[in-house]
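One structure is given here, and the rest of the page talks about it.
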Amino acid sequence: MTRETAFNIVIALLLLAAPIAANYAGETFYVTLATRIAILSLAAVGLNIALGLGGLVSFGHAAFFGVGGYAAGILASHAFAGTPLIFGLPGTQQMPVIWIVAVLFGGFAAFLIGLITLRTAGVYFIMITLAFAQMIFYFAISWPAYGGEDGLPIYVRNQFPGLNTLNPLSYFLLCYALLGLALLLFRLLADSRFGAALQATRQNDVRVASVGIPPYRVRLIAFTISGMFTALAGALFADLNRFVSPSMLSWQMSGELIVLIILGGVGRLFGPVVGAALYVLLEFWLGGITERWQFFLGLILLGVVLFARGGVIGLVAGRARHG
């Protein structure tokens, strides 16, 4: 067993044990804090497919996060009000249905955005993904039917068969299970032939094309899958807060997801989890001391970039092994 594998197991057990202990101690706030870590980790796992495996620095992943959130909010609001959607389709408060809709719409949005943005590279790709995300952000603000800039409340948390989702620990365990599934899929993808082709495009797309593999198509598929993961996290985040707002679509959210991956380790399996845990805990601890807690986060991020290029996991486990 490598040091990184051992470290990953410890992190996974800590993330599971801490909220269970907090729940039995009656500290449900910490359960909610752990749930937020799990959801942000899931969103960052999605971005890690594009950024960590494919080298695609997307500054527009908040678009998919927000699309997933609005899918949950819109379906729940119509179900609560008893009014139909377009074409007479009913709303729903069933989480599995909402997740499927969120994943499909997130993937569709990523596919359409990727068709255009992936024809560029470097800073042009960064700016175009940002531009698309901002377009969707301003569309949400100017959409009064679903709250506009005031956002859209979810009056009752959506339902999952056999679980009381209003119980903080039950909802955490649900999010934790989905995060575990996402990490498993990330590992399978990274170790697959497709994952090898995707990582090769990051190194040298000309050589990849010379052996008959179209880099554009590989990146488009990866970008679409990435958007699907992040959209699922957005649906979970909306249910956690019982509220959807345009802030889920903002460029700050895209920046947060990139920060999570850099803190934990770009391309590392548990990089998003470690980064999300650090970010949320720093926000909680330092936010109680000063309103300018981002200043200290910036110092930590600067230290990671300068002295720990592999993130916290790289600092603990050393350089990643590629086989």
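Labels for the structure tokens follow display order: chains A, B, ..., residues from 1 in each chain, ligands from 1.
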
Exercise for the section: Might you pull out every residue within 10 Å of A:Leu269, with only C-alpha atoms counted and same-chain residues fewer than 4 positions away left off, and present them as number ranges by chain? Expected result: A: 4-5, 8, 45, 48-49, 52, 183-184, 186-187, 190, 264-265, 273-274, 313

Write the residues you've just listed into a file as a short mmCIF file (atom, residue, chain, number, x, y, z; two decimals), in the first residue's frame, and include N, CA, C and O atoms for each of them.
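The result, stored in again_3.cif:
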```cif
data_model
loop_
_atom_site.label_atom_id
_atom_site.label_comp_id
_atom_site.auth_asym_id
_atom_site.auth_seq_id
_atom_site.Cartn_x
_atom_site.Cartn_y
_atom_site.Cartn_z
N GLU A 4 0.06 7.40 -0.37
CA GLU A 4 -1.12 8.13 -0.83
C GLU A 4 -2.40 7.33 -0.58
O GLU A 4 -3.41 7.88 -0.14
N THR A 5 -2.36 6.03 -0.85
CA THR A 5 -3.53 5.19 -0.60
C THR A 5 -3.89 5.18 0.88
O THR A 5 -5.06 5.30 1.26
N ASN A 8 -5.43 8.47 1.77
CA ASN A 8 -6.80 8.55 1.26
C ASN A 8 -7.78 7.80 2.16
O ASN A 8 -8.90 8.28 2.41
N VAL A 45 -14.62 16.89 -7.90
CA VAL A 45 -14.27 15.66 -8.61
C VAL A 45 -14.61 15.81 -10.09
O VAL A 45 -13.86 15.40 -10.97
N ASN A 48 -12.11 17.95 -11.62
CA ASN A 48 -10.82 17.26 -11.64
C ASN A 48 -10.68 16.35 -12.86
O ASN A 48 -9.57 16.07 -13.29
N ILE A 49 -11.81 15.90 -13.41
CA ILE A 49 -11.75 15.11 -14.64
C ILE A 49 -11.22 15.98 -15.78
O ILE A 49 -10.34 15.58 -16.53
N GLY A 52 -7.65 17.93 -13.90
CA GLY A 52 -6.61 17.04 -13.44
C GLY A 52 -6.18 16.02 -14.46
O GLY A 52 -4.98 15.73 -14.58
N LEU A 183 -15.85 9.08 -6.77
CA LEU A 183 -14.41 8.81 -6.67
C LEU A 183 -14.05 7.48 -7.34
O LEU A 183 -13.01 7.36 -7.99
N LEU A 184 -14.92 6.49 -7.17
CA LEU A 184 -14.70 5.20 -7.82
C LEU A 184 -14.72 5.35 -9.34
O LEU A 184 -13.86 4.81 -10.05
N PHE A 186 -14.14 8.07 -11.02
CA PHE A 186 -12.95 8.84 -11.40
C PHE A 186 -11.75 7.92 -11.54
O PHE A 186 -10.98 8.02 -12.50
N ARG A 187 -11.57 7.02 -10.56
CA ARG A 187 -10.44 6.10 -10.62
C ARG A 187 -10.55 5.16 -11.81
O ARG A 187 -9.56 4.92 -12.52
N ALA A 190 -9.75 7.18 -14.92
CA ALA A 190 -8.32 7.50 -15.02
C ALA A 190 -7.49 6.29 -15.44
O ALA A 190 -6.50 6.44 -16.16
N GLY A 264 -5.87 20.55 -2.61
CA GLY A 264 -5.75 19.12 -2.34
C GLY A 264 -4.71 18.44 -3.20
O GLY A 264 -3.96 17.57 -2.72
N GLY A 265 -4.66 18.79 -4.48
CA GLY A 265 -3.72 18.17 -5.40
C GLY A 265 -4.38 17.92 -6.74
O GLY A 265 -5.33 17.13 -6.83
N VAL A 273 -11.37 16.15 -2.17
CA VAL A 273 -11.88 15.94 -0.81
C VAL A 273 -11.04 16.71 0.20
O VAL A 273 -11.57 17.42 1.06
N VAL A 274 -9.73 16.58 0.10
CA VAL A 274 -8.83 17.28 1.02
C VAL A 274 -8.97 18.80 0.84
O VAL A 274 -9.05 19.55 1.82
N ILE A 313 -1.87 16.59 -0.66
CA ILE A 313 -1.59 15.17 -0.86
C ILE A 313 -0.17 14.97 -1.38
O ILE A 313 0.54 14.05 -0.97
#
```

Practice task
Could you pull out the residues in stretch 96-311 of chain A that DSSP calls helix (DSSP H, G or I) from the backbone, as JSON, numbers by chain?
Solution key: {"A": [96, 97, 98, 99, 100, 101, 102, 103, 104, 105, 106, 107, 108, 109, 110, 111, 112, 113, 114, 115, 116, 117, 123, 124, 125, 126, 127, 128, 129, 130, 131, 132, 133, 134, 135, 136, 137, 138, 139, 140, 141, 144, 145, 146, 148, 149, 150, 168, 169, 170, 171, 172, 173, 174, 175, 176, 177, 178, 179, 180, 181, 182, 183, 184, 185, 186, 187, 188, 189, 190, 191, 193, 194, 195, 196, 197, 198, 199, 200, 201, 202, 203, 204, 205, 206, 207, 208, 209, 210, 215, 216, 217, 218, 219, 220, 221, 222, 223, 224, 225, 226, 227, 228, 229, 230, 231, 232, 233, 234, 235, 236, 237, 238, 239, 240, 241, 246, 247, 248, 249, 251, 252, 253, 254, 255, 256, 257, 258, 259, 260, 261, 262, 263, 264, 271, 272, 273, 274, 275, 276, 277, 278, 279, 280, 281, 282, 283, 284, 285, 286, 287, 293, 294, 295, 296, 297, 298, 299, 300, 301, 302, 303, 304, 305, 306, 307, 311]}

Exercise for the section: Skip A:Ala44 itself and residues of its chain fewer than 5 positions away, then list as an MDAnalysis selection string all residues within 12 Å of it, counting only C-alpha atoms. Expected result: chainID A and resid 37:39 49:52 58 61:62 64:65 179 182:183 186 226:234 253:277

Closest atom pairs, residues of stretch 251-300 of chain A within 9 Å of stretch 27-35 of chain A, only C-alpha atoms, as a Markdown table:
```
| residue | atom | partner | partner_atom | distance |
| --- | --- | --- | --- | --- |
| A:Ala277 | CA | A:Ala34 | CA | 8.1 |
| A:Val280 | CA | A:Leu33 | CA | 7.5 |
| A:Leu281 | CA | A:Leu33 | CA | 8.3 |
| A:Phe284 | CA | A:Leu33 | CA | 8.8 |
```

Write out, as a PDB file, in the first residue's frame, the residues just selected, with N, CA and C atoms.
```pdb
ATOM      1  N   ALA A 277     -12.325  19.969   2.318  1.00  0.00           N
ATOM      2  CA  ALA A 277     -12.284  19.948   3.785  1.00  0.00           C
ATOM      3  C   ALA A 277     -11.495  21.142   4.320  1.00  0.00           C
ATOM      4  N   VAL A 280     -13.615  24.483   3.675  1.00  0.00           N
ATOM      5  CA  VAL A 280     -14.787  24.649   4.545  1.00  0.00           C
ATOM      6  C   VAL A 280     -14.368  24.873   5.997  1.00  0.00           C
ATOM      7  N   LEU A 281     -13.367  24.130   6.467  1.00  0.00           N
ATOM      8  CA  LEU A 281     -12.931  24.286   7.853  1.00  0.00           C
ATOM      9  C   LEU A 281     -12.253  25.638   8.080  1.00  0.00           C
ATOM     10  N   PHE A 284     -14.936  28.190   8.294  1.00  0.00           N
ATOM     11  CA  PHE A 284     -15.638  28.115   9.576  1.00  0.00           C
ATOM     12  C   PHE A 284     -14.798  28.681  10.719  1.00  0.00           C
TER      13      PHE A 284
END
```

Practice task
Mind listing the strand (DSSP E or B) residues of stretch 80-301 of chain A, per DSSP on the backbone, as a ChimeraX atom specification?
Solution key: /A:94,152-153,159-160,163,243-244

Output N, CA, C and O atoms of each residue in that selection to a file, as a compact mmCIF listing (two decimals), in the first residue's frame.
```
# COMPACT_ATOMS: atom_id res chain seq x y z
N GLN A 94 -38.83 13.66 -5.78
CA GLN A 94 -38.06 12.44 -5.64
C GLN A 94 -36.61 12.68 -6.08
O GLN A 94 -36.36 13.00 -7.24
N LEU A 152 -34.58 30.98 -5.60
CA LEU A 152 -35.76 30.13 -5.56
C LEU A 152 -35.70 29.23 -4.33
O LEU A 152 -34.79 28.40 -4.21
N PRO A 153 -36.67 29.36 -3.41
CA PRO A 153 -36.64 28.49 -2.22
C PRO A 153 -37.15 27.09 -2.51
O PRO A 153 -38.01 26.89 -3.37
N GLN A 159 -37.17 14.08 -1.45
CA GLN A 159 -37.28 12.78 -0.80
C GLN A 159 -36.43 11.73 -1.49
O GLN A 159 -36.22 11.78 -2.70
N PHE A 160 -35.97 10.77 -0.67
CA PHE A 160 -35.27 9.60 -1.19
C PHE A 160 -35.93 8.37 -0.59
O PHE A 160 -36.14 8.32 0.63
N LEU A 163 -35.46 6.76 3.18
CA LEU A 163 -34.64 7.62 4.04
C LEU A 163 -35.42 8.85 4.48
O LEU A 163 -36.22 9.38 3.72
N PHE A 243 -32.48 26.01 -1.06
CA PHE A 243 -32.52 27.31 -1.74
C PHE A 243 -31.59 27.27 -2.94
O PHE A 243 -30.51 26.68 -2.88
N VAL A 244 -32.03 27.87 -4.02
CA VAL A 244 -31.21 28.00 -5.23
C VAL A 244 -31.10 29.47 -5.56
O VAL A 244 -32.11 30.19 -5.56
```

Practice task
Quick one: pull the distance between atom CA of A:Ala140 and atom CA of A:Pro246, Å, one decimal.
Solution key: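 About the pair atom CA of A:Ala140 and atom CA of A:Pro246: they are 5.9 Å apart.
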
Handout entry: Residue among A:Trp99, A:Leu14, A:Phe7, A:Gly26 lying closest to A:Pro168, counting only C-alpha atoms
Key = A:Gly26
